[in-house]
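Here's upload_12.pdb, which has PDB, C-alpha atoms, pLDDT in the B column:
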```pdb
ATOM      1  CA  MET A   1     102.080 252.621-158.108  1.00 44.00           C
ATOM      2  CA  SER A   2     102.656 252.790-161.875  1.00 50.00           C
ATOM      3  CA  ASP A   3     101.681 250.004-164.255  1.00 63.00           C
ATOM      4  CA  ASN A   4     105.307 249.716-165.392  1.00 72.00           C
ATOM      5  CA  LEU A   5     106.911 246.775-163.563  1.00 71.00           C
ATOM      6  CA  LEU A   6     110.321 248.391-163.429  1.00 76.00           C
ATOM      7  CA  ASP A   7     109.030 251.569-161.762  1.00 76.00           C
ATOM      8  CA  ALA A   8     108.627 249.610-158.517  1.00 73.00           C
ATOM      9  CA  ILE A   9     112.295 248.612-158.567  1.00 87.00           C
ATOM     10  CA  ASP A  10     113.759 251.562-156.697  1.00 92.00           C
ATOM     11  CA  ASP A  11     117.401 252.044-157.686  1.00 93.00           C
ATOM     12  CA  THR A  12     118.170 253.478-154.256  1.00 96.00           C
ATOM     13  CA  ILE A  13     117.178 250.197-152.592  1.00 97.00           C
ATOM     14  CA  HIS A  14     118.096 247.830-155.433  1.00 95.00           C
ATOM     15  CA  ALA A  15     121.866 248.000-154.900  1.00 96.00           C
ATOM     16  CA  LYS A  16     122.861 244.772-153.154  1.00 97.00           C
ATOM     17  CA  ALA A  17     124.351 246.414-150.056  1.00 98.00           C
ATOM     18  CA  ARG A  18     121.472 248.884-149.645  1.00 98.00           C
ATOM     19  CA  LEU A  19     118.922 246.093-150.052  1.00 98.00           C
ATOM     20  CA  GLY A  20     120.767 244.258-147.267  1.00 98.00           C
ATOM     21  CA  ILE A  21     120.757 247.325-145.024  1.00 98.00           C
ATOM     22  CA  MET A  22     117.068 247.997-145.583  1.00 98.00           C
ATOM     23  CA  SER A  23     116.171 244.327-145.089  1.00 98.00           C
ATOM     24  CA  LEU A  24     117.986 244.186-141.755  1.00 98.00           C
ATOM     25  CA  LEU A  25     116.420 247.443-140.617  1.00 98.00           C
ATOM     26  CA  MET A  26     112.952 246.231-141.569  1.00 98.00           C
ATOM     27  CA  VAL A  27     113.465 243.037-139.555  1.00 98.00           C
ATOM     28  CA  HIS A  28     115.186 244.559-136.506  1.00 98.00           C
ATOM     29  CA  GLY A  29     113.770 248.095-136.466  1.00 96.00           C
ATOM     30  CA  GLU A  30     117.166 249.600-135.753  1.00 97.00           C
ATOM     31  CA  CYS A  31     120.720 248.366-136.101  1.00 98.00           C
ATOM     32  CA  ASP A  32     124.075 249.734-135.132  1.00 97.00           C
ATOM     33  CA  PHE A  33     126.895 250.186-137.589  1.00 97.00           C
ATOM     34  CA  SER A  34     128.989 247.256-136.350  1.00 95.00           C
ATOM     35  CA  PHE A  35     126.024 244.866-136.557  1.00 97.00           C
ATOM     36  CA  LEU A  36     125.315 245.925-140.140  1.00 98.00           C
ATOM     37  CA  ARG A  37     128.999 245.655-141.067  1.00 98.00           C
ATOM     38  CA  GLY A  38     129.238 242.154-139.601  1.00 97.00           C
ATOM     39  CA  GLU A  39     126.002 240.862-141.104  1.00 98.00           C
ATOM     40  CA  LEU A  40     126.692 242.264-144.562  1.00 98.00           C
ATOM     41  CA  GLY A  41     130.457 241.710-144.683  1.00 97.00           C
ATOM     42  CA  LEU A  42     131.147 245.243-145.871  1.00 97.00           C
ATOM     43  CA  THR A  43     134.103 247.467-145.126  1.00 97.00           C
ATOM     44  CA  GLU A  44     133.493 250.499-142.916  1.00 96.00           C
ATOM     45  CA  GLY A  45     133.931 252.874-145.840  1.00 97.00           C
ATOM     46  CA  ASN A  46     131.634 250.930-148.157  1.00 97.00           C
ATOM     47  CA  LEU A  47     128.923 250.593-145.508  1.00 98.00           C
ATOM     48  CA  GLY A  48     129.247 254.269-144.634  1.00 97.00           C
ATOM     49  CA  ASN A  49     128.744 255.259-148.265  1.00 98.00           C
ATOM     50  CA  HIS A  50     125.617 253.106-148.626  1.00 98.00           C
ATOM     51  CA  ILE A  51     124.196 254.440-145.358  1.00 98.00           C
ATOM     52  CA  ARG A  52     124.785 257.979-146.616  1.00 98.00           C
ATOM     53  CA  VAL A  53     122.843 257.270-149.833  1.00 98.00           C
ATOM     54  CA  LEU A  54     119.892 255.890-147.863  1.00 98.00           C
ATOM     55  CA  GLU A  55     120.020 258.782-145.407  1.00 98.00           C
ATOM     56  CA  GLU A  56     120.118 261.392-148.199  1.00 98.00           C
ATOM     57  CA  ALA A  57     117.072 259.714-149.769  1.00 98.00           C
ATOM     58  CA  ALA A  58     115.356 259.992-146.344  1.00 98.00           C
ATOM     59  CA  TYR A  59     114.877 256.201-146.234  1.00 98.00           C
ATOM     60  CA  ILE A  60     116.764 255.862-142.962  1.00 98.00           C
ATOM     61  CA  GLN A  61     117.510 258.003-139.942  1.00 98.00           C
ATOM     62  CA  VAL A  62     121.043 257.930-138.560  1.00 98.00           C
ATOM     63  CA  ASN A  63     121.741 258.761-134.924  1.00 97.00           C
ATOM     64  CA  LYS A  64     125.328 259.159-133.779  1.00 94.00           C
ATOM     65  CA  THR A  65     126.052 258.891-130.078  1.00 92.00           C
ATOM     66  CA  PHE A  66     128.893 257.760-127.870  1.00 90.00           C
ATOM     67  CA  ALA A  67     129.164 254.626-125.754  1.00 85.00           C
ATOM     68  CA  GLY A  68     131.842 255.735-123.343  1.00 88.00           C
ATOM     69  CA  ARG A  69     134.447 257.241-125.622  1.00 90.00           C
ATOM     70  CA  ARG A  70     133.512 255.159-128.636  1.00 89.00           C
ATOM     71  CA  PRO A  71     131.232 256.536-131.336  1.00 89.00           C
ATOM     72  CA  LYS A  72     128.069 254.549-131.957  1.00 93.00           C
ATOM     73  CA  THR A  73     125.999 254.919-135.122  1.00 95.00           C
ATOM     74  CA  ILE A  74     122.439 253.607-135.024  1.00 97.00           C
ATOM     75  CA  CYS A  75     120.271 253.410-138.136  1.00 98.00           C
ATOM     76  CA  SER A  76     116.510 253.012-138.327  1.00 98.00           C
ATOM     77  CA  PRO A  77     114.068 253.105-141.242  1.00 98.00           C
ATOM     78  CA  THR A  78     111.897 256.179-141.724  1.00 98.00           C
ATOM     79  CA  GLN A  79     108.236 255.878-142.684  1.00 98.00           C
ATOM     80  CA  LEU A  80     109.219 256.785-146.252  1.00 98.00           C
ATOM     81  CA  GLY A  81     111.897 254.082-146.191  1.00 98.00           C
ATOM     82  CA  GLN A  82     109.406 251.503-144.955  1.00 98.00           C
ATOM     83  CA  ASP A  83     106.894 252.499-147.625  1.00 97.00           C
ATOM     84  CA  MET A  84     109.504 252.378-150.383  1.00 96.00           C
ATOM     85  CA  PHE A  85     110.797 249.001-149.165  1.00 97.00           C
ATOM     86  CA  HIS A  86     107.277 247.532-149.254  1.00 96.00           C
ATOM     87  CA  GLN A  87     106.741 248.984-152.735  1.00 93.00           C
ATOM     88  CA  TYR A  88     110.064 247.461-153.828  1.00 94.00           C
ATOM     89  CA  ILE A  89     109.065 244.014-152.489  1.00 95.00           C
ATOM     90  CA  GLU A  90     105.650 244.247-154.177  1.00 92.00           C
ATOM     91  CA  GLY A  91     107.391 245.059-157.464  1.00 91.00           C
ATOM     92  CA  LEU A  92     109.672 242.045-157.122  1.00 92.00           C
ATOM     93  CA  GLU A  93     106.682 239.841-156.328  1.00 92.00           C
ATOM     94  CA  LYS A  94     104.925 240.987-159.529  1.00 89.00           C
ATOM     95  CA  ILE A  95     108.017 240.172-161.564  1.00 89.00           C
ATOM     96  CA  ILE A  96     108.287 236.743-159.912  1.00 90.00           C
ATOM     97  CA  GLN A  97     104.601 236.002-160.554  1.00 90.00           C
ATOM     98  CA  MET A  98     104.999 237.021-164.193  1.00 86.00           C
ATOM     99  CA  ALA A  99     108.062 234.772-164.582  1.00 85.00           C
ATOM    100  CA  ARG A 100     106.266 231.828-162.951  1.00 86.00           C
ATOM    101  CA  SER A 101     103.224 232.213-165.165  1.00 85.00           C
ATOM    102  CA  MET A 102     105.458 232.323-168.259  1.00 77.00           C
ATOM    103  CA  LYS A 103     107.180 229.116-167.095  1.00 65.00           C
ATOM    104  CA  LYS A 104     103.798 227.355-166.666  1.00 67.00           C
ATOM    105  CA  GLU A 105     102.750 228.406-170.168  1.00 67.00           C
ATOM    106  CA  THR A 106     105.858 226.799-171.682  1.00 67.00           C
ATOM    107  CA  GLU A 107     105.464 223.495-169.826  1.00 62.00           C
TER     108      GLU A 107
END
```
Take the structure in the file and write it out as structure tokens.
Amino acid sequence: MSDNLLDAIDDTIHAKARLGIMSLLMVHGECDFSFLRGELGLTEGNLGNHIRVLEEAAYIQVNKTFAGRRPKTICSPTQLGQDMFHQYIEGLEKIIQMARSMKKETE
């Protein structure tokens, strides 16, 4: 990882909706589209767009199947996605530690 704090803040993950998607996938391992939509409160179109961005970055794998006649989309994090998520969290932790140490210095 670079010494620059902001390099760890991956723009692909940093968007609020994509951070939510990745967080849920990291906790649950895989999630279907309707679960993600319900948990994140996104419209189908908005969620679909964010899933596409993560899939194109190879951070998630998307499997489309059918349950009866209904389409079912299941997302899961790839190894790259897991690695990038952990790097993102480590970057946030460094920023938080820096902010806390600055606060202690001013007290």
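Taking CA of Cys75 in chain A and CA of Val62 in chain A as the two end points, the separation is 4.6 Å.
Between CA of Gln79 in chain A and CA of Glu93 in chain A the interatomic distance comes to 21.1 Å.
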With only C-alpha atoms as the counted atoms, please give the residues lying no more than 10 Å from range 13-26 of chain A, apart from itself and same-chain residues fewer than 5 positions off, as a JSON list (two decimals) with C-alpha atoms, in the coordinates of the input.
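And here is the file that came out, result.json:
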```
[["chain", "number", "residue", "atom", "x", "y", "z"],
["A", 31, "CYS", "CA", 120.72, 248.37, -136.10],
["A", 32, "ASP", "CA", 124.08, 249.73, -135.13],
["A", 35, "PHE", "CA", 126.02, 244.87, -136.56],
["A", 36, "LEU", "CA", 125.32, 245.92, -140.14],
["A", 37, "ARG", "CA", 129.00, 245.66, -141.07],
["A", 39, "GLU", "CA", 126.00, 240.86, -141.10],
["A", 40, "LEU", "CA", 126.69, 242.26, -144.56],
["A", 41, "GLY", "CA", 130.46, 241.71, -144.68],
["A", 42, "LEU", "CA", 131.15, 245.24, -145.87],
["A", 46, "ASN", "CA", 131.63, 250.93, -148.16],
["A", 47, "LEU", "CA", 128.92, 250.59, -145.51],
["A", 49, "ASN", "CA", 128.74, 255.26, -148.26],
["A", 50, "HIS", "CA", 125.62, 253.11, -148.63],
["A", 51, "ILE", "CA", 124.20, 254.44, -145.36],
["A", 53, "VAL", "CA", 122.84, 257.27, -149.83],
["A", 54, "LEU", "CA", 119.89, 255.89, -147.86],
["A", 57, "ALA", "CA", 117.07, 259.71, -149.77],
["A", 59, "TYR", "CA", 114.88, 256.20, -146.23],
["A", 60, "ILE", "CA", 116.76, 255.86, -142.96],
["A", 75, "CYS", "CA", 120.27, 253.41, -138.14],
["A", 76, "SER", "CA", 116.51, 253.01, -138.33],
["A", 77, "PRO", "CA", 114.07, 253.10, -141.24],
["A", 78, "THR", "CA", 111.90, 256.18, -141.72],
["A", 81, "GLY", "CA", 111.90, 254.08, -146.19],
["A", 82, "GLN", "CA", 109.41, 251.50, -144.96],
["A", 84, "MET", "CA", 109.50, 252.38, -150.38],
["A", 85, "PHE", "CA", 110.80, 249.00, -149.16],
["A", 86, "HIS", "CA", 107.28, 247.53, -149.25],
["A", 88, "TYR", "CA", 110.06, 247.46, -153.83]]
```
Protein and nucleic acid residues near (110.6, 246.4, -157.3) (cut-off 6 Å, only C-alpha atoms) as a ChimeraX atom specification: /A:8-9,88-89,91-92
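Here CA of Glu90 in chain A stands at a distance of 9.8 Å from CA of Leu5 in chain A.
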Report as a PyMOL selection string the full result of the PyMOL selection byres ((chain A and resi 71-73) around 10) when it is applied to this structure. chain A and resi 31-34+62-70+74-75
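Proximity to Glu56 in chain A was assessed for A:Leu80, A:Gln87, A:Glu30, A:Asn4 counting only C-alpha atoms; the smallest distance is recorded for A:Leu80.
If you measure from each of A:Ala58, A:Ser101, A:Gly45, A:Leu6 to Asp83 in chain A using all atoms listed in the file, the closest one turns out to be A:Ala58.
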Could N, CA, C and O atoms be built for range 13-35 of chain A and written out as a PDB file, in the coordinates of the input?
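part_8.pdb written:
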```pdb
ATOM      1  N   ILE A  13     117.205 251.427-153.399  1.00 97.00           N
ATOM      2  CA  ILE A  13     117.178 250.197-152.592  1.00 97.00           C
ATOM      3  C   ILE A  13     117.827 249.037-153.332  1.00 97.00           C
ATOM      4  O   ILE A  13     118.444 248.167-152.716  1.00 97.00           O
ATOM      5  N   HIS A  14     117.721 249.007-154.647  1.00 95.00           N
ATOM      6  CA  HIS A  14     118.096 247.830-155.433  1.00 95.00           C
ATOM      7  C   HIS A  14     119.569 247.438-155.340  1.00 95.00           C
ATOM      8  O   HIS A  14     119.895 246.267-155.510  1.00 95.00           O
ATOM      9  N   ALA A  15     120.450 248.362-155.058  1.00 96.00           N
ATOM     10  CA  ALA A  15     121.866 248.000-154.900  1.00 96.00           C
ATOM     11  C   ALA A  15     121.982 246.948-153.803  1.00 96.00           C
ATOM     12  O   ALA A  15     121.351 247.058-152.749  1.00 96.00           O
ATOM     13  N   LYS A  16     122.763 245.929-154.047  1.00 97.00           N
ATOM     14  CA  LYS A  16     122.861 244.772-153.154  1.00 97.00           C
ATOM     15  C   LYS A  16     123.096 245.167-151.691  1.00 97.00           C
ATOM     16  O   LYS A  16     122.386 244.692-150.792  1.00 97.00           O
ATOM     17  N   ALA A  17     124.039 246.030-151.434  1.00 98.00           N
ATOM     18  CA  ALA A  17     124.351 246.414-150.056  1.00 98.00           C
ATOM     19  C   ALA A  17     123.196 247.192-149.422  1.00 98.00           C
ATOM     20  O   ALA A  17     122.843 246.973-148.257  1.00 98.00           O
ATOM     21  N   ARG A  18     122.570 248.093-150.193  1.00 98.00           N
ATOM     22  CA  ARG A  18     121.472 248.884-149.645  1.00 98.00           C
ATOM     23  C   ARG A  18     120.240 248.024-149.412  1.00 98.00           C
ATOM     24  O   ARG A  18     119.500 248.230-148.446  1.00 98.00           O
ATOM     25  N   LEU A  19     120.012 247.042-150.275  1.00 98.00           N
ATOM     26  CA  LEU A  19     118.922 246.093-150.052  1.00 98.00           C
ATOM     27  C   LEU A  19     119.169 245.329-148.754  1.00 98.00           C
ATOM     28  O   LEU A  19     118.253 245.117-147.957  1.00 98.00           O
ATOM     29  N   GLY A  20     120.421 244.943-148.516  1.00 98.00           N
ATOM     30  CA  GLY A  20     120.767 244.258-147.267  1.00 98.00           C
ATOM     31  C   GLY A  20     120.538 245.140-146.051  1.00 98.00           C
ATOM     32  O   GLY A  20     119.983 244.698-145.046  1.00 98.00           O
ATOM     33  N   ILE A  21     120.945 246.389-146.139  1.00 98.00           N
ATOM     34  CA  ILE A  21     120.757 247.325-145.024  1.00 98.00           C
ATOM     35  C   ILE A  21     119.273 247.486-144.741  1.00 98.00           C
ATOM     36  O   ILE A  21     118.824 247.360-143.594  1.00 98.00           O
ATOM     37  N   MET A  22     118.502 247.783-145.778  1.00 98.00           N
ATOM     38  CA  MET A  22     117.068 247.997-145.583  1.00 98.00           C
ATOM     39  C   MET A  22     116.382 246.739-145.059  1.00 98.00           C
ATOM     40  O   MET A  22     115.509 246.819-144.196  1.00 98.00           O
ATOM     41  N   SER A  23     116.772 245.580-145.553  1.00 98.00           N
ATOM     42  CA  SER A  23     116.171 244.327-145.089  1.00 98.00           C
ATOM     43  C   SER A  23     116.426 244.120-143.602  1.00 98.00           C
ATOM     44  O   SER A  23     115.513 243.774-142.844  1.00 98.00           O
ATOM     45  N   LEU A  24     117.664 244.340-143.178  1.00 98.00           N
ATOM     46  CA  LEU A  24     117.986 244.186-141.755  1.00 98.00           C
ATOM     47  C   LEU A  24     117.242 245.203-140.898  1.00 98.00           C
ATOM     48  O   LEU A  24     116.745 244.872-139.817  1.00 98.00           O
ATOM     49  N   LEU A  25     117.140 246.420-141.377  1.00 98.00           N
ATOM     50  CA  LEU A  25     116.420 247.443-140.617  1.00 98.00           C
ATOM     51  C   LEU A  25     114.930 247.130-140.542  1.00 98.00           C
ATOM     52  O   LEU A  25     114.293 247.377-139.514  1.00 98.00           O
ATOM     53  N   MET A  26     114.369 246.585-141.591  1.00 98.00           N
ATOM     54  CA  MET A  26     112.952 246.231-141.569  1.00 98.00           C
ATOM     55  C   MET A  26     112.685 245.076-140.598  1.00 98.00           C
ATOM     56  O   MET A  26     111.653 245.042-139.947  1.00 98.00           O
ATOM     57  N   VAL A  27     113.621 244.170-140.475  1.00 98.00           N
ATOM     58  CA  VAL A  27     113.465 243.037-139.555  1.00 98.00           C
ATOM     59  C   VAL A  27     113.704 243.461-138.107  1.00 98.00           C
ATOM     60  O   VAL A  27     112.930 243.118-137.212  1.00 98.00           O
ATOM     61  N   HIS A  28     114.760 244.238-137.870  1.00 98.00           N
ATOM     62  CA  HIS A  28     115.186 244.559-136.506  1.00 98.00           C
ATOM     63  C   HIS A  28     114.709 245.920-135.999  1.00 98.00           C
ATOM     64  O   HIS A  28     114.822 246.197-134.803  1.00 98.00           O
ATOM     65  N   GLY A  29     114.229 246.773-136.889  1.00 96.00           N
ATOM     66  CA  GLY A  29     113.770 248.095-136.466  1.00 96.00           C
ATOM     67  C   GLY A  29     114.886 249.113-136.392  1.00 96.00           C
ATOM     68  O   GLY A  29     114.771 250.195-136.930  1.00 96.00           O
ATOM     69  N   GLU A  30     115.970 248.762-135.764  1.00 97.00           N
ATOM     70  CA  GLU A  30     117.166 249.600-135.753  1.00 97.00           C
ATOM     71  C   GLU A  30     118.374 248.701-135.592  1.00 97.00           C
ATOM     72  O   GLU A  30     118.285 247.631-134.997  1.00 97.00           O
ATOM     73  N   CYS A  31     119.485 249.146-136.157  1.00 98.00           N
ATOM     74  CA  CYS A  31     120.720 248.366-136.101  1.00 98.00           C
ATOM     75  C   CYS A  31     121.887 249.329-135.950  1.00 98.00           C
ATOM     76  O   CYS A  31     121.871 250.422-136.514  1.00 98.00           O
ATOM     77  N   ASP A  32     122.886 248.891-135.202  1.00 97.00           N
ATOM     78  CA  ASP A  32     124.075 249.734-135.132  1.00 97.00           C
ATOM     79  C   ASP A  32     125.040 249.376-136.259  1.00 97.00           C
ATOM     80  O   ASP A  32     124.908 248.343-136.922  1.00 97.00           O
ATOM     81  N   PHE A  33     125.960 250.276-136.476  1.00 97.00           N
ATOM     82  CA  PHE A  33     126.895 250.186-137.589  1.00 97.00           C
ATOM     83  C   PHE A  33     127.666 248.873-137.562  1.00 97.00           C
ATOM     84  O   PHE A  33     127.809 248.204-138.591  1.00 97.00           O
ATOM     85  N   SER A  34     128.169 248.470-136.408  1.00 95.00           N
ATOM     86  CA  SER A  34     128.989 247.256-136.350  1.00 95.00           C
ATOM     87  C   SER A  34     128.162 246.009-136.648  1.00 95.00           C
ATOM     88  O   SER A  34     128.659 245.072-137.276  1.00 95.00           O
ATOM     89  N   PHE A  35     126.901 245.995-136.234  1.00 97.00           N
ATOM     90  CA  PHE A  35     126.024 244.866-136.557  1.00 97.00           C
ATOM     91  C   PHE A  35     125.818 244.775-138.065  1.00 97.00           C
ATOM     92  O   PHE A  35     125.952 243.707-138.664  1.00 97.00           O
TER      93      PHE A  35
END
```
